[in-house]
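S.K.: Provided below: protein28.cif, containing mmCIF, C-alpha atoms (C1' of nucleotides).
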data_structure
loop_
_atom_site.label_atom_id
_atom_site.label_comp_id
_atom_site.auth_asym_id
_atom_site.auth_seq_id
_atom_site.Cartn_x
_atom_site.Cartn_y
_atom_site.Cartn_z
CA MET A 1 1.55 3.69 7.01
CA ARG A 2 0.97 5.78 3.96
CA ASN A 3 4.52 5.93 2.69
CA ASP A 4 7.46 3.63 2.50
CA SER A 5 9.65 5.03 5.26
CA ARG A 6 12.58 2.68 4.93
CA LEU A 7 14.90 5.15 3.27
CA SER A 8 14.18 7.83 5.83
CA ARG A 9 14.66 5.40 8.68
CA MET A 10 17.95 4.03 7.44
CA LEU A 11 19.37 7.52 6.99
CA HIS A 12 18.31 8.31 10.52
CA VAL A 13 19.97 5.20 11.88
CA LEU A 14 23.23 5.55 10.02
CA ILE A 15 23.80 9.06 11.28
CA HIS A 16 23.08 8.02 14.83
CA MET A 17 25.45 5.09 14.51
CA ASP A 18 28.18 7.46 13.48
CA LYS A 19 27.77 9.38 16.72
CA HIS A 20 28.12 6.32 18.94
CA GLN A 21 31.37 4.45 18.75
CA HIS A 22 30.04 1.23 20.25
CA SER A 23 27.72 -1.09 18.38
CA ALA A 24 23.95 -0.78 18.67
CA THR A 25 21.59 -3.72 19.03
CA SER A 26 18.48 -4.10 16.90
CA GLU A 27 16.53 -3.58 20.10
CA MET A 28 18.10 -0.18 20.73
CA ILE A 29 17.70 0.89 17.13
CA ALA A 30 14.10 -0.24 17.16
CA LYS A 31 13.36 1.98 20.16
CA MET A 32 15.05 4.87 18.41
CA LEU A 33 12.87 4.42 15.34
CA ASN A 34 9.70 3.59 17.24
CA THR A 35 9.46 0.19 15.65
CA ASN A 36 10.66 -3.29 16.54
CA PRO A 37 13.85 -5.31 16.18
CA VAL A 38 12.72 -7.58 13.37
CA VAL A 39 11.87 -4.68 11.11
CA VAL A 40 15.28 -3.21 11.87
CA ARG A 41 17.11 -6.40 10.94
CA ARG A 42 15.03 -6.78 7.82
CA THR A 43 15.75 -3.31 6.56
CA MET A 44 19.37 -3.16 7.64
CA ALA A 45 20.10 -6.44 5.86
CA GLY A 46 20.52 -4.55 2.60
CA LEU A 47 22.95 -2.10 4.16
CA ARG A 48 24.99 -5.01 5.45
CA GLU A 49 25.07 -6.72 2.08
CA GLN A 50 26.33 -3.53 0.50
CA GLY A 51 29.04 -3.20 3.13
CA TYR A 52 27.87 -0.04 4.82
CA VAL A 53 27.30 -1.68 8.19
CA ARG A 54 28.33 -4.91 9.86
CA SER A 55 26.29 -7.06 12.22
CA GLU A 56 27.60 -9.38 14.87
CA LYS A 57 25.70 -12.08 16.66
CA GLY A 58 25.93 -13.15 20.25
CA HIS A 59 26.75 -11.46 23.47
CA GLY A 60 27.91 -7.90 22.91
CA GLY A 61 26.90 -8.07 19.29
CA GLY A 62 24.88 -5.59 17.29
CA TRP A 63 25.32 -3.22 14.40
CA THR A 64 28.39 -1.17 13.52
CA LEU A 65 28.96 1.47 10.90
CA VAL A 66 31.75 0.34 8.61
CA ARG A 67 32.22 3.22 6.21
CA PRO A 68 32.43 6.94 6.94
CA LEU A 69 29.30 9.01 6.38
CA SER A 70 31.19 11.00 3.78
CA ASP A 71 31.41 7.86 1.66
CA ILE A 72 27.66 7.20 1.67
CA THR A 73 25.13 9.08 -0.43
CA LEU A 74 21.38 9.03 -0.06
CA LEU A 75 21.28 7.19 -3.37
CA ASP A 76 23.57 4.50 -1.98
CA VAL A 77 21.15 3.90 0.85
CA TYR A 78 18.17 3.93 -1.49
CA ARG A 79 19.81 1.26 -3.60
CA ALA A 80 20.88 -0.76 -0.58
CA ILE A 81 17.33 -1.10 0.66
CA GLY A 82 16.27 -2.50 -2.70
CA GLU A 83 15.28 0.55 -4.73
CA PRO A 84 11.63 0.57 -3.71
CA HIS A 85 9.10 2.20 -6.03
CA LEU A 86 9.41 5.96 -5.92
CA PHE A 87 6.03 6.88 -7.36
CA ALA A 88 2.56 6.12 -6.15
CA ILE A 89 1.00 6.74 -9.55
CA GLY A 90 1.48 4.80 -12.73
CA PRO A 91 -0.12 3.37 -15.84
CA ALA A 92 -3.11 1.06 -15.66
CA ASP A 93 -1.47 -1.37 -18.06
CA ASP A 94 2.21 -1.58 -18.91
CA GLN A 95 1.73 -3.20 -22.30
CA PRO A 96 -1.62 -1.97 -23.62
CA GLU A 97 -2.84 -2.80 -27.09
CA CYS A 98 -4.76 0.43 -27.43
CA LEU A 99 -2.68 3.02 -29.22
CA VAL A 100 -4.33 5.82 -27.30
CA GLU A 101 -3.35 4.22 -24.06
CA GLN A 102 0.14 3.70 -25.37
CA ALA A 103 0.41 7.39 -26.16
CA VAL A 104 -0.86 8.25 -22.69
CA ASN A 105 1.70 5.94 -21.12
CA VAL A 106 4.49 7.53 -23.11
CA ALA A 107 3.47 11.05 -22.13
CA LEU A 108 3.06 10.22 -18.47
CA GLY A 109 6.10 7.98 -18.46
CA ASP A 110 8.31 10.68 -19.93
CA ALA A 111 7.31 13.15 -17.25
CA MET A 112 7.84 10.60 -14.54
CA LYS A 113 11.21 9.53 -15.92
CA GLU A 114 12.39 13.11 -15.84
CA ALA A 115 11.23 13.56 -12.28
CA GLN A 116 12.79 10.28 -11.23
CA ALA A 117 16.09 11.18 -12.86
CA LEU A 118 16.14 14.48 -11.02
CA LEU A 119 15.28 12.86 -7.71
CA LEU A 120 17.96 10.19 -8.05
CA GLN A 121 20.46 12.82 -9.06
CA ARG A 122 19.62 14.83 -5.96
CA LEU A 123 19.93 11.76 -3.78
CA ASP A 124 23.29 11.06 -5.35
CA SER A 125 24.54 14.57 -4.65
CA VAL A 126 24.06 14.43 -0.90
CA THR A 127 26.31 12.47 1.42
CA LEU A 128 25.26 11.52 4.92
CA ASP A 129 27.89 13.71 6.54
CA ARG A 130 26.16 16.70 5.01
CA ILE A 131 22.99 15.81 6.87
CA ALA A 132 25.01 15.22 10.02
CA ALA A 133 26.50 18.68 9.61
CA ASP A 134 23.03 20.18 9.27
CA PHE A 135 22.13 18.45 12.47
CA GLU A 136 25.19 19.87 14.24
CA ALA A 137 24.23 23.34 13.07
CA LYS A 138 20.76 22.96 14.52
CA LEU A 139 22.24 21.65 17.73
CA MET A 140 24.40 24.72 18.11
CA ALA A 141 21.39 26.91 17.50
CA ARG A 142 19.55 25.49 20.50
CA PRO A 143 21.92 23.57 22.72
CA ALA A 144 19.62 23.52 25.74
CA THR A 145 16.96 21.22 24.29
CA SER A 146 17.27 17.49 24.14
CA TYR A 147 18.78 16.91 20.78
CA SER A 148 17.80 13.49 19.68
CA CYS A 149 15.76 10.38 20.12
CA ALA A 150 16.81 8.03 22.90
CA SER A 151 20.48 8.35 22.21
CA MET B 1 -2.73 -2.97 -8.29
CA ARG B 2 0.66 -1.60 -7.47
CA ASN B 3 0.08 1.95 -8.61
CA ASP B 4 -2.69 4.47 -8.54
CA SER B 5 -3.82 4.38 -12.15
CA ARG B 6 -6.56 6.97 -11.99
CA LEU B 7 -4.64 9.68 -13.79
CA SER B 8 -3.61 7.36 -16.57
CA ARG B 9 -7.13 6.05 -16.96
CA MET B 10 -8.77 9.45 -17.09
CA LEU B 11 -6.36 10.66 -19.74
CA HIS B 12 -7.16 7.57 -21.75
CA VAL B 13 -10.88 8.15 -21.44
CA LEU B 14 -10.86 11.83 -22.26
CA ILE B 15 -8.99 11.30 -25.49
CA HIS B 16 -11.35 8.54 -26.55
CA MET B 17 -14.33 10.73 -25.73
CA ASP B 18 -12.97 13.36 -28.05
CA LYS B 19 -12.99 10.89 -30.91
CA HIS B 20 -16.62 9.92 -30.48
CA GLN B 21 -19.19 12.64 -30.88
CA HIS B 22 -21.96 10.85 -29.02
CA SER B 23 -21.94 10.36 -25.27
CA ALA B 24 -20.48 7.25 -23.70
CA THR B 25 -22.07 5.36 -20.83
CA SER B 26 -20.11 4.31 -17.76
CA GLU B 27 -20.65 0.76 -18.93
CA MET B 28 -18.92 1.40 -22.25
CA ILE B 29 -16.09 3.31 -20.65
CA ALA B 30 -15.64 0.56 -18.08
CA LYS B 31 -15.20 -2.01 -20.84
CA MET B 32 -12.69 0.24 -22.51
CA LEU B 33 -10.64 0.51 -19.32
CA ASN B 34 -11.11 -3.10 -18.26
CA THR B 35 -12.83 -2.10 -15.09
CA ASN B 36 -16.44 -1.56 -14.03
CA PRO B 37 -18.96 1.27 -14.17
CA VAL B 38 -18.86 2.27 -10.52
CA VAL B 39 -15.14 2.90 -10.61
CA VAL B 40 -15.66 4.97 -13.72
CA ARG B 41 -18.33 7.14 -12.11
CA ARG B 42 -16.27 7.51 -8.99
CA THR B 43 -13.19 8.69 -10.81
CA MET B 44 -14.97 10.81 -13.41
CA ALA B 45 -16.87 12.67 -10.69
CA GLY B 46 -13.87 14.95 -10.20
CA LEU B 47 -13.67 15.71 -13.88
CA ARG B 48 -17.34 16.62 -13.88
CA GLU B 49 -16.97 18.90 -10.88
CA GLN B 50 -14.16 20.73 -12.62
CA GLY B 51 -16.24 21.14 -15.75
CA TYR B 52 -14.22 19.00 -18.12
CA VAL B 53 -17.02 16.52 -18.76
CA ARG B 54 -20.76 16.42 -18.25
CA SER B 55 -22.90 13.47 -17.23
CA GLU B 56 -26.55 12.93 -18.01
CA LYS B 57 -28.87 10.46 -16.41
CA GLY B 58 -31.63 8.48 -17.95
CA HIS B 59 -32.30 7.14 -21.37
CA GLY B 60 -29.60 8.15 -23.83
CA GLY B 61 -27.51 9.55 -21.03
CA GLY B 62 -23.83 9.09 -20.36
CA TRP B 63 -20.67 11.14 -20.38
CA THR B 64 -19.77 13.95 -22.74
CA LEU B 65 -16.58 15.91 -23.17
CA VAL B 66 -17.31 19.58 -22.56
CA ARG B 67 -14.01 21.31 -23.21
CA PRO B 68 -11.59 20.82 -26.10
CA LEU B 69 -8.54 18.65 -25.46
CA SER B 70 -6.34 21.64 -26.17
CA ASP B 71 -7.78 23.31 -23.07
CA ILE B 72 -6.92 20.45 -20.72
CA THR B 73 -3.46 19.73 -19.39
CA LEU B 74 -2.30 16.61 -17.65
CA LEU B 75 -2.00 18.71 -14.51
CA ASP B 76 -5.64 19.75 -14.80
CA VAL B 77 -6.67 16.11 -14.82
CA TYR B 78 -4.35 15.29 -11.94
CA ARG B 79 -5.94 18.03 -9.88
CA ALA B 80 -9.45 17.05 -10.92
CA ILE B 81 -9.04 13.53 -9.59
CA GLY B 82 -8.00 14.92 -6.23
CA GLU B 83 -4.23 15.29 -6.45
CA PRO B 84 -3.40 11.82 -5.18
CA HIS B 85 -0.03 11.25 -3.56
CA LEU B 86 2.74 11.23 -6.12
CA PHE B 87 5.44 9.51 -4.12
CA ALA B 88 5.53 6.08 -2.60
CA ILE B 89 8.33 6.99 -0.23
CA GLY B 90 8.32 9.47 2.60
CA PRO B 91 9.42 10.26 6.12
CA ALA B 92 8.64 7.95 9.01
CA ASP B 93 7.41 10.86 11.10
CA ASP B 94 6.33 14.26 9.85
CA GLN B 95 6.99 16.10 13.11
CA PRO B 96 9.86 14.27 14.77
CA GLU B 97 11.47 15.55 17.97
CA CYS B 98 14.85 14.11 17.10
CA LEU B 99 17.01 16.73 15.43
CA VAL B 100 18.80 14.09 13.39
CA GLU B 101 15.52 12.88 12.00
CA GLN B 102 14.50 16.46 11.31
CA ALA B 103 17.67 16.97 9.30
CA VAL B 104 17.00 13.75 7.40
CA ASN B 105 13.46 14.87 6.64
CA VAL B 106 14.70 18.21 5.35
CA ALA B 107 17.28 16.61 3.08
CA LEU B 108 14.89 14.03 1.69
CA GLY B 109 12.04 16.51 1.55
CA ASP B 110 14.07 19.00 -0.45
CA ALA B 111 14.96 16.40 -3.05
CA MET B 112 11.37 15.23 -3.28
CA LYS B 113 10.01 18.76 -3.53
CA GLU B 114 12.31 19.43 -6.46
CA ALA B 115 11.25 16.26 -8.20
CA GLN B 116 7.59 16.98 -7.53
CA ALA B 117 7.90 20.52 -8.87
CA LEU B 118 9.49 19.21 -12.03
CA LEU B 119 6.85 16.55 -12.48
CA LEU B 120 3.96 18.96 -11.99
CA GLN B 121 5.60 21.40 -14.35
CA ARG B 122 5.87 18.68 -16.97
CA LEU B 123 2.25 17.69 -16.47
CA ASP B 124 1.28 21.32 -16.85
CA SER B 125 3.18 21.65 -20.10
CA VAL B 126 1.33 18.91 -21.95
CA THR B 127 -2.21 19.28 -23.22
CA LEU B 128 -4.37 16.32 -24.11
CA ASP B 129 -4.47 17.22 -27.77
CA ARG B 130 -0.72 16.68 -27.88
CA ILE B 131 -1.19 13.10 -26.76
CA ALA B 132 -4.01 12.70 -29.25
CA ALA B 133 -1.67 13.92 -31.96
CA ASP B 134 0.95 11.37 -30.92
CA PHE B 135 -1.72 8.74 -31.23
CA GLU B 136 -2.64 9.91 -34.71
CA ALA B 137 1.00 9.73 -35.75
CA LYS B 138 1.23 6.15 -34.55
CA LEU B 139 -1.99 5.35 -36.34
CA MET B 140 -0.58 6.61 -39.63
CA ALA B 141 2.53 4.53 -39.09
CA ARG B 142 0.55 1.30 -39.00
CA PRO B 143 -2.96 1.83 -40.29
CA ALA B 144 -3.69 -1.84 -40.82
CA THR B 145 -3.79 -2.89 -37.18
CA SER B 146 -6.74 -2.33 -34.93
CA TYR B 147 -5.95 0.97 -33.36
CA SER B 148 -7.67 1.07 -30.06
CA CYS B 149 -9.54 -0.63 -27.28
CA ALA B 150 -13.15 -1.46 -27.98
CA SER B 151 -13.92 1.81 -29.67
"C1'" DC C 1 -44.81 3.80 -15.79
"C1'" DA C 2 -41.01 1.00 -17.34
"C1'" DT C 3 -36.39 1.38 -18.55
"C1'" DC C 4 -31.95 3.20 -18.79
"C1'" DA C 5 -28.26 5.50 -16.72
"C1'" DT C 6 -26.01 8.11 -13.14
"C1'" DG C 7 -25.14 8.96 -7.83
"C1'" DT C 8 -23.87 7.04 -3.71
"C1'" DT C 9 -22.99 4.05 0.01
"C1'" DA C 10 -21.22 -0.08 1.99
"C1'" DC C 11 -18.57 -3.95 1.71
"C1'" DT C 12 -14.95 -6.99 -0.26
"C1'" DT C 13 -10.51 -7.86 -2.53
"C1'" DG C 14 -5.61 -7.31 -3.67
"C1'" DT C 15 -1.22 -5.54 -2.66
"C1'" DC C 16 2.39 -3.64 -0.04
"C1'" DT C 17 4.70 -1.98 4.11
"C1'" DT C 18 4.85 -2.63 8.84
"C1'" DG C 19 4.24 -5.19 13.10
"C1'" DT C 20 4.59 -9.52 15.67
"C1'" DT C 21 5.63 -14.14 17.01
"C1'" DA C 22 8.43 -18.07 16.82
"C1'" DC C 23 12.48 -20.55 16.25
"C1'" DG C 24 17.13 -21.56 14.80
"C1'" DA C 25 22.08 -20.17 14.68
"C1'" DT C 26 26.02 -17.98 16.67
"C1'" DC C 27 28.87 -15.83 20.03
"C1'" DC C 28 30.42 -14.56 24.78
"C1'" DG C 29 30.96 -15.19 29.79
"C1'" DC C 30 30.76 -18.18 33.55
"C1'" DG D 1 29.59 -26.95 28.04
"C1'" DC D 2 25.60 -24.11 29.66
"C1'" DG D 3 22.89 -20.10 29.44
"C1'" DG D 4 21.79 -15.86 27.92
"C1'" DA D 5 22.30 -12.31 24.44
"C1'" DT D 6 21.79 -11.23 19.68
"C1'" DC D 7 21.22 -11.75 14.80
"C1'" DG D 8 18.70 -14.40 10.73
"C1'" DT D 9 14.65 -15.81 8.88
"C1'" DA D 10 10.22 -17.54 8.04
"C1'" DA D 11 5.38 -17.20 8.78
"C1'" DC D 12 1.54 -14.65 9.72
"C1'" DA D 13 -1.47 -10.60 11.28
"C1'" DA D 14 -2.49 -5.62 10.94
"C1'" DG D 15 -3.34 -1.28 8.57
"C1'" DA D 16 -3.81 1.57 4.65
"C1'" DC D 17 -5.47 2.53 0.20
"C1'" DA D 18 -6.93 1.79 -4.63
"C1'" DA D 19 -9.87 -1.08 -7.02
"C1'" DG D 20 -13.73 -4.29 -7.54
"C1'" DT D 21 -18.59 -5.37 -6.44
"C1'" DA D 22 -23.38 -5.22 -4.94
"C1'" DA D 23 -27.44 -2.76 -3.70
"C1'" DC D 24 -30.49 0.89 -4.01
"C1'" DA D 25 -32.02 5.61 -4.73
"C1'" DT D 26 -32.54 9.41 -8.21
"C1'" DG D 27 -33.62 11.34 -12.39
"C1'" DA D 28 -34.59 11.41 -17.47
"C1'" DT D 29 -36.65 9.52 -21.64
"C1'" DG D 30 -40.03 7.47 -24.37
#
For this file, produce the structure as structure tokens.
M.R.:
Amino acid sequence: MRNDSRLSRMLHVLIHMDKHQHSATSEMIAKMLNTNPVVVRRTMAGLREQGYVRSEKGHGGGWTLVRPLSDITLLDVYRAIGEPHLFAIGPADDQPECLVEQAVNVALGDAMKEAQALLLQRLDSVTLDRIAADFEAKLMARPATSYSCAS
Amino acid sequence: MRNDSRLSRMLHVLIHMDKHQHSATSEMIAKMLNTNPVVVRRTMAGLREQGYVRSEKGHGGGWTLVRPLSDITLLDVYRAIGEPHLFAIGPADDQPECLVEQAVNVALGDAMKEAQALLLQRLDSVTLDRIAADFEAKLMARPATSYSCAS
DNA sequence: CATCATGTTACTTGTCTTGTTACGATCCGC
DNA sequence: GCGGATCGTAACAAGACAAGTAACATGATG
């Protein structure tokens, strides 16, 4: 459990949902992601609130993709899941009195801000249908193998 | 303890060490960083192995800066402490069978690699004496206040 | 040799994601 | 309406990792 895998997982799910027309239950999605239904509901809650997916209770319920993959960027998904911390490193103290430490924080912070800006920009420049297209290309390259997880 | 603060702390220490000519004990450094001596020794071990500082046991011992700040980049320090993980996010599975997940990992991985390359490049472009100079500038701007932590 | 200081190991703590259990609410089919 | 399917949510345990802590060995100085 070294990294926060929520972004990766939600991207995975959304693309799969686009391939199936019918709704998917948390149970099915959980099997697909090798996790369990509660985690799925927890993480997908943000996507629902942002209007990317819809959930329906009761018999025949489950999760449905509401917007086309071409309308969703990686950044959209990142924001929908609550913009978790991107970096594992950081300052020891956010508001230090020591001027040396302040200078260190500025230097490190500047570098990290640049990297973060670039990362977010990259996430913003990729829509989910692009990833789906990459997947299709791979599928064509080796059509004999099983192409995906439990789907 | 949300972030790994080792890099930040070591930068802080090295610059302070440059200001004092005499060696500093782990005890003194620990007070400066608001931590304790064992953590200091643990983290500084990497810096010693890479030849940036020297440690001496016994009476009058402690830590000494060996190389000038102008010879040490932020990247050097990052590497010396063991190149800890930079990102808090990552894929759910590094070697997934699912081709969709593979495509997701490639897309996310590409963006992260770019951001990481930029960050490391920025760390490589800054030497510790630059941060020390920033500190001096701040010090001139308000010479009346106490300028640093327990030093 | 007594003291100071590092070196190292083992264990605990704090924090965050993930996993799990439990229970309530809602919807569909009979 | 009843029962089962399914989401919503809260509460709690597990696992990982940095950081904090305690204990003890090692080496250097006077």
S.K.: Measuring atom to atom with all atoms listed in the file, identify which of A:Glu27, A:Asp124, A:Asp71, A:Asp4 is nearest to chain B.
M.R.: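 Among the listed residues, the smallest separation from chain B belongs to A:Asp4.
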S.K.: So which residues get picked by the PyMOL selection byres ((chain A) within 10 of (chain C)) here, written as a PDB file with C-alpha atoms, in the coordinates of the input?
M.R.:
ATOM      1  CA  MET A   1       1.550   3.690   7.010  1.00  0.00           C
ATOM      2  CA  ARG A   2       0.970   5.780   3.960  1.00  0.00           C
ATOM      3  CA  ASN A   3       4.520   5.930   2.690  1.00  0.00           C
ATOM      4  CA  ASP A   4       7.460   3.630   2.500  1.00  0.00           C
ATOM      5  CA  SER A   5       9.650   5.030   5.260  1.00  0.00           C
ATOM      6  CA  ARG A   6      12.580   2.680   4.930  1.00  0.00           C
ATOM      7  CA  THR A  35       9.460   0.190  15.650  1.00  0.00           C
ATOM      8  CA  ASN A  36      10.660  -3.290  16.540  1.00  0.00           C
ATOM      9  CA  VAL A  38      12.720  -7.580  13.370  1.00  0.00           C
ATOM     10  CA  VAL A  39      11.870  -4.680  11.110  1.00  0.00           C
ATOM     11  CA  GLU A  56      27.600  -9.380  14.870  1.00  0.00           C
ATOM     12  CA  LYS A  57      25.700 -12.080  16.660  1.00  0.00           C
ATOM     13  CA  GLY A  58      25.930 -13.150  20.250  1.00  0.00           C
ATOM     14  CA  HIS A  59      26.750 -11.460  23.470  1.00  0.00           C
ATOM     15  CA  GLY A  60      27.910  -7.900  22.910  1.00  0.00           C
ATOM     16  CA  GLY A  61      26.900  -8.070  19.290  1.00  0.00           C
TER      17      GLY A  61
END
S.K.: Show me, as JSON, numbers by chain, every residue of chain A with an atom at most 6 Å from chain B, counting all atoms listed in the file.
M.R.: {"A": [3, 4, 5, 8, 12, 86, 87, 88, 89, 90, 91, 92, 98, 99, 100, 101, 103, 111, 115, 118, 119, 122, 131, 135, 147, 148, 149]}
S.K.: What separation in Å, quoted to one decimal, exists between atom CA of Ser55 of chain B and atom CA of Pro37 of chain B?
M.R.: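 Separation between atom CA of Ser55 of chain B and atom CA of Pro37 of chain B: 13.2 Å.
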S.K.: If you apply the PyMOL selection byres ((chain D) within 12 of (chain A)) to this file, what residues do you get, as a ChimeraX atom specification?
M.R.: /D:3-10,14-19
